[in-house]
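Source file coords_34.txt; content: compact mmCIF, C-alpha atoms and all ligand atoms.
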```
# COMPACT_ATOMS: atom_id res chain seq x y z
CA MET A 142 0.00 0.00 0.00
CA GLN A 143 1.46 3.36 -1.11
CA LYS A 144 2.15 6.00 1.61
CA GLY A 145 0.50 9.14 0.23
CA GLU A 146 -0.01 12.73 1.34
CA LEU A 147 0.49 13.64 5.01
CA LEU A 148 -3.05 14.39 6.20
CA TYR A 149 -2.43 15.28 9.81
CA GLU A 150 0.42 15.44 12.29
CA GLY A 151 -0.47 15.15 15.96
CA LYS A 152 1.60 15.05 19.13
CA ALA A 153 2.39 11.34 18.94
CA LYS A 154 1.30 10.22 15.47
CA LYS A 155 1.25 11.16 11.80
CA VAL A 156 -1.60 10.14 9.50
CA TYR A 157 -1.09 9.64 5.76
CA ARG A 158 -3.44 8.89 2.90
CA THR A 159 -2.94 5.66 0.99
CA ASP A 160 -4.04 4.63 -2.52
CA ASP A 161 -7.28 3.39 -0.92
CA PRO A 162 -9.44 6.41 0.08
CA GLY A 163 -11.02 4.36 2.89
CA VAL A 164 -7.68 3.45 4.48
CA TYR A 165 -5.10 5.66 6.20
CA LEU A 166 -1.57 4.86 7.35
CA VAL A 167 -0.69 5.83 10.94
CA GLU A 168 2.95 6.37 11.88
CA TYR A 169 3.74 6.35 15.61
CA LYS A 170 6.36 8.91 16.69
CA ASP A 171 8.85 8.87 19.56
CA ASP A 172 7.71 12.39 20.56
CA ALA A 173 5.92 12.72 23.86
CA THR A 174 3.92 15.63 25.26
CA ALA A 175 2.01 16.14 28.48
CA PHE A 176 -0.04 18.84 30.20
CA ASN A 177 -1.70 19.99 26.97
CA GLY A 178 1.66 20.27 25.16
CA LEU A 179 3.47 22.25 27.88
CA LYS A 180 5.92 19.39 28.56
CA LYS A 181 7.72 17.97 25.53
CA GLY A 182 10.24 15.18 25.13
CA VAL A 183 11.35 12.19 23.13
CA ILE A 184 11.07 8.62 24.37
CA SER A 185 13.36 6.56 22.16
CA GLY A 186 11.68 3.40 20.93
CA LYS A 187 8.21 4.62 21.94
CA GLY A 188 6.81 4.82 18.40
CA GLU A 189 7.66 1.22 17.66
CA LEU A 190 6.41 -0.06 21.03
CA ASN A 191 3.11 1.86 20.90
CA ASN A 192 2.50 0.60 17.37
CA LYS A 193 3.08 -3.02 18.45
CA ILE A 194 1.11 -2.67 21.69
CA SER A 195 -1.86 -0.94 20.00
CA ALA A 196 -1.93 -3.50 17.18
CA HIS A 197 -1.91 -6.27 19.78
CA PHE A 198 -4.83 -4.76 21.72
CA PHE A 199 -6.83 -4.03 18.55
CA ARG A 200 -6.42 -7.68 17.43
CA LEU A 201 -7.49 -8.86 20.88
CA LEU A 202 -10.58 -6.61 20.83
CA GLU A 203 -11.53 -7.51 17.24
CA GLY A 204 -11.34 -11.17 18.30
CA LYS A 205 -13.89 -10.39 21.03
CA GLY A 206 -16.29 -8.66 18.62
CA ILE A 207 -15.33 -5.00 19.12
CA ALA A 208 -15.34 -3.04 15.83
CA THR A 209 -12.09 -1.09 15.53
CA HIS A 210 -10.35 0.93 12.83
CA PHE A 211 -7.37 -1.46 12.79
CA VAL A 212 -6.57 -3.11 9.45
CA LYS A 213 -3.00 -4.39 9.85
CA GLN A 214 0.48 -3.60 11.01
CA VAL A 215 2.69 -2.73 8.03
CA GLY A 216 5.97 -1.58 9.54
CA GLU A 217 7.85 -1.24 12.79
CA ARG A 218 6.04 2.00 13.59
CA GLU A 219 3.22 1.91 11.04
CA MET A 220 -0.28 0.47 10.85
CA LEU A 221 -3.12 0.72 8.33
CA VAL A 222 -6.46 1.85 9.71
CA ARG A 223 -9.91 2.57 8.32
CA ALA A 224 -10.45 6.28 7.64
CA LEU A 225 -12.61 7.72 10.40
CA GLU A 226 -14.58 10.88 10.87
CA ILE A 227 -13.35 11.34 14.45
CA ILE A 228 -15.91 12.22 17.13
CA PRO A 229 -14.11 14.92 19.16
CA VAL A 230 -14.82 13.31 22.52
CA GLU A 231 -12.19 11.55 24.62
CA VAL A 232 -13.80 8.68 26.49
CA VAL A 233 -12.00 7.87 29.74
CA VAL A 234 -12.76 4.71 31.72
CA ARG A 235 -11.41 4.35 35.25
CA ASN A 236 -11.11 1.44 37.67
CA ILE A 237 -8.77 2.98 40.24
CA ALA A 238 -8.52 6.63 41.30
CA ALA A 239 -5.51 8.39 39.73
CA GLY A 240 -4.57 11.59 37.91
CA SER A 241 -7.32 14.15 37.41
CA LEU A 242 -10.02 12.06 39.14
CA ALA A 243 -7.94 11.72 42.31
CA ARG A 244 -7.36 15.50 42.25
CA ARG A 245 -10.94 16.48 41.41
CA LEU A 246 -12.63 14.23 43.96
CA GLY A 247 -9.93 14.43 46.63
CA MET A 248 -9.33 10.68 46.57
CA ASP A 249 -5.99 9.05 47.32
CA GLU A 250 -4.33 7.78 44.18
CA GLY A 251 -4.69 3.99 44.18
CA THR A 252 -8.18 3.86 45.75
CA ALA A 253 -10.16 1.13 43.99
CA LEU A 254 -13.46 2.41 42.59
CA PRO A 255 -16.47 0.22 43.46
CA ARG A 256 -17.49 0.22 39.77
CA PRO A 257 -15.97 1.58 36.57
CA VAL A 258 -16.41 5.31 35.97
CA VAL A 259 -16.83 6.71 32.45
CA GLU A 260 -16.00 10.36 31.70
CA TYR A 261 -16.07 12.46 28.54
CA TYR A 262 -13.68 15.25 27.58
CA TYR A 263 -14.14 17.65 24.66
CA LYS A 264 -11.11 17.37 22.37
CA SER A 265 -10.05 20.99 22.08
CA ASP A 266 -6.45 22.17 22.56
CA GLU A 267 -7.67 25.79 22.87
CA LEU A 268 -10.02 24.94 25.72
CA GLY A 269 -7.62 22.43 27.31
CA ASP A 270 -9.92 19.41 26.81
CA PRO A 271 -12.67 20.29 29.34
CA MET A 272 -14.75 17.53 30.92
CA ILE A 273 -18.23 17.41 29.39
CA ASN A 274 -21.41 15.36 29.83
CA ASP A 275 -24.09 13.91 27.54
CA ASP A 276 -26.02 17.20 27.50
CA HIS A 277 -22.92 19.18 26.45
CA ILE A 278 -22.24 16.62 23.72
CA ALA A 279 -25.82 17.03 22.45
CA VAL A 280 -25.73 20.86 22.62
CA LEU A 281 -22.39 20.98 20.78
CA ASN A 282 -23.78 18.45 18.29
CA LEU A 283 -20.69 16.24 18.66
CA ALA A 284 -22.61 12.94 18.55
CA THR A 285 -26.19 11.72 18.82
CA GLY A 286 -27.60 10.24 22.01
CA GLU A 287 -27.78 6.88 20.24
CA GLU A 288 -24.11 7.09 19.27
CA MET A 289 -23.10 8.00 22.82
CA SER A 290 -24.98 5.11 24.38
CA ALA A 291 -23.33 2.72 21.92
CA ILE A 292 -19.93 4.29 22.67
CA LYS A 293 -20.38 3.99 26.43
CA LYS A 294 -21.36 0.33 26.10
CA VAL A 295 -18.32 -0.43 23.92
CA ALA A 296 -15.99 1.49 26.27
CA LEU A 297 -17.18 -0.61 29.23
CA SER A 298 -16.78 -3.84 27.21
CA VAL A 299 -13.26 -2.81 26.22
CA ASN A 300 -12.54 -2.26 29.91
CA GLU A 301 -13.71 -5.78 30.80
CA ILE A 302 -11.80 -7.41 27.92
CA LEU A 303 -8.57 -5.57 28.68
CA ARG A 304 -8.80 -6.21 32.43
CA SER A 305 -9.34 -9.93 31.95
CA TYR A 306 -6.37 -10.02 29.62
CA LEU A 307 -4.05 -7.93 31.79
CA THR A 308 -4.76 -9.38 35.25
CA PRO A 309 -2.97 -12.73 34.62
CA ARG A 310 -0.10 -10.72 33.13
CA ASN A 311 0.41 -8.93 36.43
CA LEU A 312 -0.81 -5.59 35.07
CA GLU A 313 -3.52 -3.49 36.66
CA LEU A 314 -5.60 -1.36 34.28
CA VAL A 315 -6.01 1.83 36.32
CA ASP A 316 -7.64 3.96 33.61
CA PHE A 317 -7.47 4.63 29.88
CA LYS A 318 -8.71 6.92 27.13
CA LEU A 319 -10.49 5.86 23.94
CA GLU A 320 -11.55 7.72 20.81
CA PHE A 321 -14.25 6.73 18.37
CA GLY A 322 -15.16 7.71 14.82
CA ARG A 323 -17.63 7.07 12.04
CA HIS A 324 -16.81 4.92 9.01
CA GLU A 325 -19.44 4.00 6.40
CA GLY A 326 -22.27 4.56 8.88
CA LYS A 327 -20.69 2.54 11.66
CA ILE A 328 -18.97 3.64 14.88
CA LEU A 329 -15.45 2.20 15.15
CA LEU A 330 -12.96 2.36 17.99
CA GLY A 331 -10.04 4.48 16.75
CA ASP A 332 -6.82 6.13 17.89
CA GLU A 333 -4.42 3.96 19.93
CA ILE A 334 -4.33 1.83 23.09
CA SER A 335 -0.86 2.11 24.58
CA PRO A 336 1.05 3.22 27.68
CA ASP A 337 0.57 6.78 26.32
CA THR A 338 -3.20 6.47 26.74
CA CYS A 339 -3.58 3.95 29.58
CA ARG A 340 -2.32 3.74 33.14
CA PHE A 341 -0.80 0.32 33.82
CA TRP A 342 0.47 -0.57 37.29
CA ASP A 343 2.32 -3.68 38.37
CA THR A 344 -0.35 -5.54 40.34
CA ARG A 345 1.91 -6.40 43.26
CA THR A 346 4.35 -3.49 43.56
CA LYS A 347 2.01 -0.81 42.06
CA GLU A 348 5.00 0.37 40.00
CA LYS A 349 3.85 2.68 37.19
CA LEU A 350 4.45 1.24 33.71
CA ASP A 351 3.05 4.04 31.56
CA LYS A 352 3.33 7.68 30.54
CA ASP A 353 3.14 8.87 34.15
CA ARG A 354 6.87 8.00 34.25
CA PHE A 355 7.35 10.80 31.69
CA ARG A 356 4.72 13.18 33.12
CA ARG A 357 6.16 12.91 36.63
CA ASP A 358 9.87 12.60 35.72
CA LEU A 359 10.18 9.14 37.28
CA GLY A 360 12.83 7.91 34.79
CA GLY A 361 12.91 4.51 33.09
CA VAL A 362 10.19 5.51 30.63
CA GLU A 363 11.34 3.42 27.67
CA GLU A 364 12.00 0.43 29.94
CA ALA A 365 8.45 0.66 31.31
CA TYR A 366 6.93 0.60 27.79
CA GLN A 367 9.16 -2.37 26.93
CA GLU A 368 8.07 -4.16 30.10
CA VAL A 369 4.41 -3.75 29.14
CA TRP A 370 5.15 -5.26 25.72
CA ARG A 371 7.10 -8.12 27.30
CA ARG A 372 4.19 -8.95 29.62
CA LEU A 373 1.66 -8.84 26.76
CA VAL A 374 3.51 -11.35 24.62
CA GLY A 375 5.82 -13.06 27.10
N1 LIG Z 401 -5.40 10.45 28.76
C1 LIG Z 401 -4.97 10.47 27.44
N2 LIG Z 401 -4.95 11.67 26.78
C2 LIG Z 401 -5.34 12.84 27.34
C3 LIG Z 401 -5.77 12.81 28.69
C4 LIG Z 401 -5.79 11.61 29.36
O1 LIG Z 401 -4.63 9.44 26.89
O2 LIG Z 401 -5.30 13.87 26.66
C5 LIG Z 401 -5.45 9.18 29.50
C6 LIG Z 401 -4.38 9.11 30.58
O3 LIG Z 401 -3.21 8.48 30.09
C7 LIG Z 401 -5.04 8.26 31.63
C8 LIG Z 401 -6.53 8.56 31.47
O4 LIG Z 401 -6.68 9.09 30.17
O5 LIG Z 401 -4.83 6.89 31.36
C9 LIG Z 401 -7.07 9.52 32.51
O6 LIG Z 401 -6.29 10.68 32.52
P1 LIG Z 401 -6.54 11.84 33.60
O7 LIG Z 401 -7.87 12.44 33.37
O8 LIG Z 401 -6.26 11.32 34.96
O9 LIG Z 401 -5.54 12.98 33.17
P2 LIG Z 401 -4.08 13.36 33.68
O10 LIG Z 401 -4.15 13.65 35.14
O11 LIG Z 401 -3.25 12.19 33.30
O12 LIG Z 401 -3.79 14.55 32.82
```

So, in terms of structure tokens, how does the structure I just supplied come out?
Amino acid sequence: MQKGELLYEGKAKKVYRTDDPGVYLVEYKDDATAFNGLKKGVISGKGELNNKISAHFFRLLEGKGIATHFVKQVGEREMLVRALEIIPVEVVVRNIAAGSLARRLGMDEGTALPRPVVEYYYKSDELGDPMINDDHIAVLNLATGEEMSAIKKVALSVNEILRSYLTPRNLELVDFKLEFGRHEGKILLGDEISPDTCRFWDTRTKEKLDKDRFRRDLGGVEEAYQEVWRRLVG
């Protein structure tokens, strides 16, 4: 498949056209940003690891009946995906209090939540991705109520599938962010599923094996991403 025009360059990925108008090529970069772009860095090897880890999770989810944009992995840091009209809503699912939820609700990081919590954030760099609810989504005309109920159901299924897969691999799924889009009238899970977009903790030691190592200057960032990969396939 021919790599065509660069359509979009984001903080962690580039998206190219291909010779098939319904398929895009995603290239995962080593660049890392945090705090709405205020903190910038490079994590060597990250692009390749996030591509492999995302492809692995998308295959797992497809196998369990979740419709995703994933087509196939085509290079060390490249995958083919179905072209999506992205819904500008970040869907966060949480099992354990951490990050912004711990701050907002005054909970200690690490407190287990009695049931999963789903949150929505409006994807807008200018506004700093504010948290929104179903009414805001309707008023801003970002998605229909029907689409949002389907999205919430899929997000919770993804949570269950990933947790069941990760628990025996000694990884705790603390929280994660998903994005969805429309393709030929269907809603598909898009974007990526990687240590950039999920919090993974070692079940026993609670060691952080995700982007919080970069956000919080904990060191060993690349090693943590490699460790996640090793546990997924090892
Ligand atoms: N997340 C993400 N992209 C964002 C914001 C959050 O992938 O722009 C992920 C983050 O990695 C974590 C989850 O969503 O797994 C919840 O993040 P949180 O709201 O706690 O934000 P933070 O405090 O990390 O900024």

Taking only C-alpha atoms and all ligand atoms into account, list the residues no farther than 7 Å from ligand LIG 401 (chain Z), as a CSV table (one decimal) with C-alpha atoms, in the coordinates of the input.
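Result written to out_29.csv:
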```csv
chain,number,residue,atom,x,y,z
A,176,PHE,CA,0.0,18.8,30.2
A,233,VAL,CA,-12.0,7.9,29.7
A,239,ALA,CA,-5.5,8.4,39.7
A,240,GLY,CA,-4.6,11.6,37.9
A,241,SER,CA,-7.3,14.2,37.4
A,242,LEU,CA,-10.0,12.1,39.1
A,316,ASP,CA,-7.6,4.0,33.6
A,317,PHE,CA,-7.5,4.6,29.9
A,318,LYS,CA,-8.7,6.9,27.1
A,337,ASP,CA,0.6,6.8,26.3
A,338,THR,CA,-3.2,6.5,26.7
A,339,CYS,CA,-3.6,4.0,29.6
A,340,ARG,CA,-2.3,3.7,33.1
A,352,LYS,CA,3.3,7.7,30.5
```

| field | CA of Arg223 in chain A to CA of Thr285 in chain A, distance in Å rounded to a single decimal | value | 21.4 Å

| task | Could you tell me how far CA of Val156 in chain A lies from CA of Glu168 in chain A, in Å and to one decimal? | result | 6.4 Å

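Atom pair CA of Ile207 in chain A / CA of Val295 in chain A has a distance of 7.3 Å (rounded to one decimal).
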
| said: Under the rule that all atoms listed in the file are counted, which of A:Ile194, A:Leu359, A:Leu329, A:Val315 is the nearest residue to Phe341 in chain A? | reply: A:Val315

Glu217 in chain A environment, 8 Å, all atoms listed in the file, sequence neighbours closer than 3 positions dropped, as a PDB file with C-alpha atoms, in the frame of the given file:
```pdb
ATOM      1  CA  GLU A 189       7.660   1.220  17.660  1.00  0.00           C
ATOM      2  CA  ASN A 192       2.500   0.600  17.370  1.00  0.00           C
ATOM      3  CA  LYS A 193       3.080  -3.020  18.450  1.00  0.00           C
ATOM      4  CA  GLN A 214       0.480  -3.600  11.010  1.00  0.00           C
TER       5      GLN A 214
END
```

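Among the candidates A:Phe198, A:Leu314, A:Lys144, A:Leu268, the residue lying nearest to Glu219 in chain A is A:Lys144 (atoms considered: all atoms listed in the file).
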
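Using only C-alpha atoms, the shortest contact distance between Asn282 in chain A and any of A:Pro309, A:Val369, A:Ile228, A:Ala243 is found at A:Ile228.
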
Range 181-192 of chain A rebuilt with all heavy atoms, output as a compact mmCIF listing (two decimals), in the coordinates of the input:
```txt
# COMPACT_ATOMS: atom_id res chain seq x y z
N LYS A 181 7.39 18.68 26.77
CA LYS A 181 7.72 17.97 25.53
C LYS A 181 8.97 17.13 25.74
O LYS A 181 9.85 17.51 26.51
CB LYS A 181 8.02 18.97 24.41
CG LYS A 181 6.81 19.73 23.90
CD LYS A 181 7.17 20.45 22.60
CE LYS A 181 5.98 21.11 21.95
NZ LYS A 181 5.55 22.33 22.63
N GLY A 182 9.05 16.01 25.05
CA GLY A 182 10.24 15.18 25.13
C GLY A 182 10.23 14.12 24.06
O GLY A 182 9.31 14.06 23.24
N VAL A 183 11.27 13.31 24.06
CA VAL A 183 11.35 12.19 23.13
C VAL A 183 11.61 10.95 23.96
O VAL A 183 12.45 10.97 24.85
CB VAL A 183 12.50 12.41 22.10
CG1 VAL A 183 12.75 11.15 21.29
CG2 VAL A 183 12.17 13.57 21.17
N ILE A 184 10.86 9.90 23.70
CA ILE A 184 11.07 8.62 24.37
C ILE A 184 11.54 7.66 23.29
O ILE A 184 10.73 7.26 22.43
CB ILE A 184 9.76 8.12 25.04
CG1 ILE A 184 9.23 9.17 26.04
CG2 ILE A 184 9.98 6.77 25.71
CD1 ILE A 184 7.82 8.90 26.56
N SER A 185 12.85 7.33 23.30
CA SER A 185 13.36 6.56 22.16
C SER A 185 12.74 5.16 22.20
O SER A 185 12.59 4.56 23.26
CB SER A 185 14.89 6.51 22.18
OG SER A 185 15.32 5.63 23.17
N GLY A 186 12.32 4.71 21.04
CA GLY A 186 11.68 3.40 20.93
C GLY A 186 10.18 3.42 21.17
O GLY A 186 9.50 2.42 20.94
N LYS A 187 9.63 4.57 21.60
CA LYS A 187 8.21 4.62 21.94
C LYS A 187 7.30 4.36 20.73
O LYS A 187 6.31 3.62 20.84
CB LYS A 187 7.85 5.98 22.56
CG LYS A 187 6.36 6.14 22.87
CD LYS A 187 6.06 7.41 23.64
CE LYS A 187 5.92 8.65 22.80
NZ LYS A 187 4.61 8.80 22.15
N GLY A 188 7.66 4.96 19.58
CA GLY A 188 6.81 4.82 18.40
C GLY A 188 6.60 3.35 18.04
O GLY A 188 5.47 2.89 17.83
N GLU A 189 7.71 2.63 18.02
CA GLU A 189 7.66 1.22 17.66
C GLU A 189 6.85 0.42 18.70
O GLU A 189 6.02 -0.42 18.35
CB GLU A 189 9.10 0.71 17.59
CG GLU A 189 9.25 -0.56 16.84
CD GLU A 189 10.70 -1.03 16.82
OE1 GLU A 189 11.62 -0.21 16.66
OE2 GLU A 189 10.89 -2.25 16.99
N LEU A 190 7.11 0.69 19.98
CA LEU A 190 6.41 -0.06 21.03
C LEU A 190 4.91 0.25 21.03
O LEU A 190 4.09 -0.66 21.12
CB LEU A 190 7.02 0.27 22.40
CG LEU A 190 8.34 -0.45 22.66
CD1 LEU A 190 9.14 0.25 23.75
CD2 LEU A 190 8.11 -1.91 23.02
N ASN A 191 4.54 1.52 20.89
CA ASN A 191 3.11 1.86 20.90
C ASN A 191 2.39 1.28 19.69
O ASN A 191 1.22 0.89 19.78
CB ASN A 191 2.91 3.38 20.96
CG ASN A 191 3.07 3.90 22.38
OD1 ASN A 191 3.32 3.13 23.31
ND2 ASN A 191 2.92 5.19 22.55
N ASN A 192 3.09 1.21 18.55
CA ASN A 192 2.50 0.60 17.37
C ASN A 192 2.23 -0.89 17.63
O ASN A 192 1.12 -1.38 17.40
CB ASN A 192 3.45 0.77 16.18
CG ASN A 192 2.87 0.28 14.87
OD1 ASN A 192 1.70 0.47 14.58
ND2 ASN A 192 3.71 -0.38 14.06
```
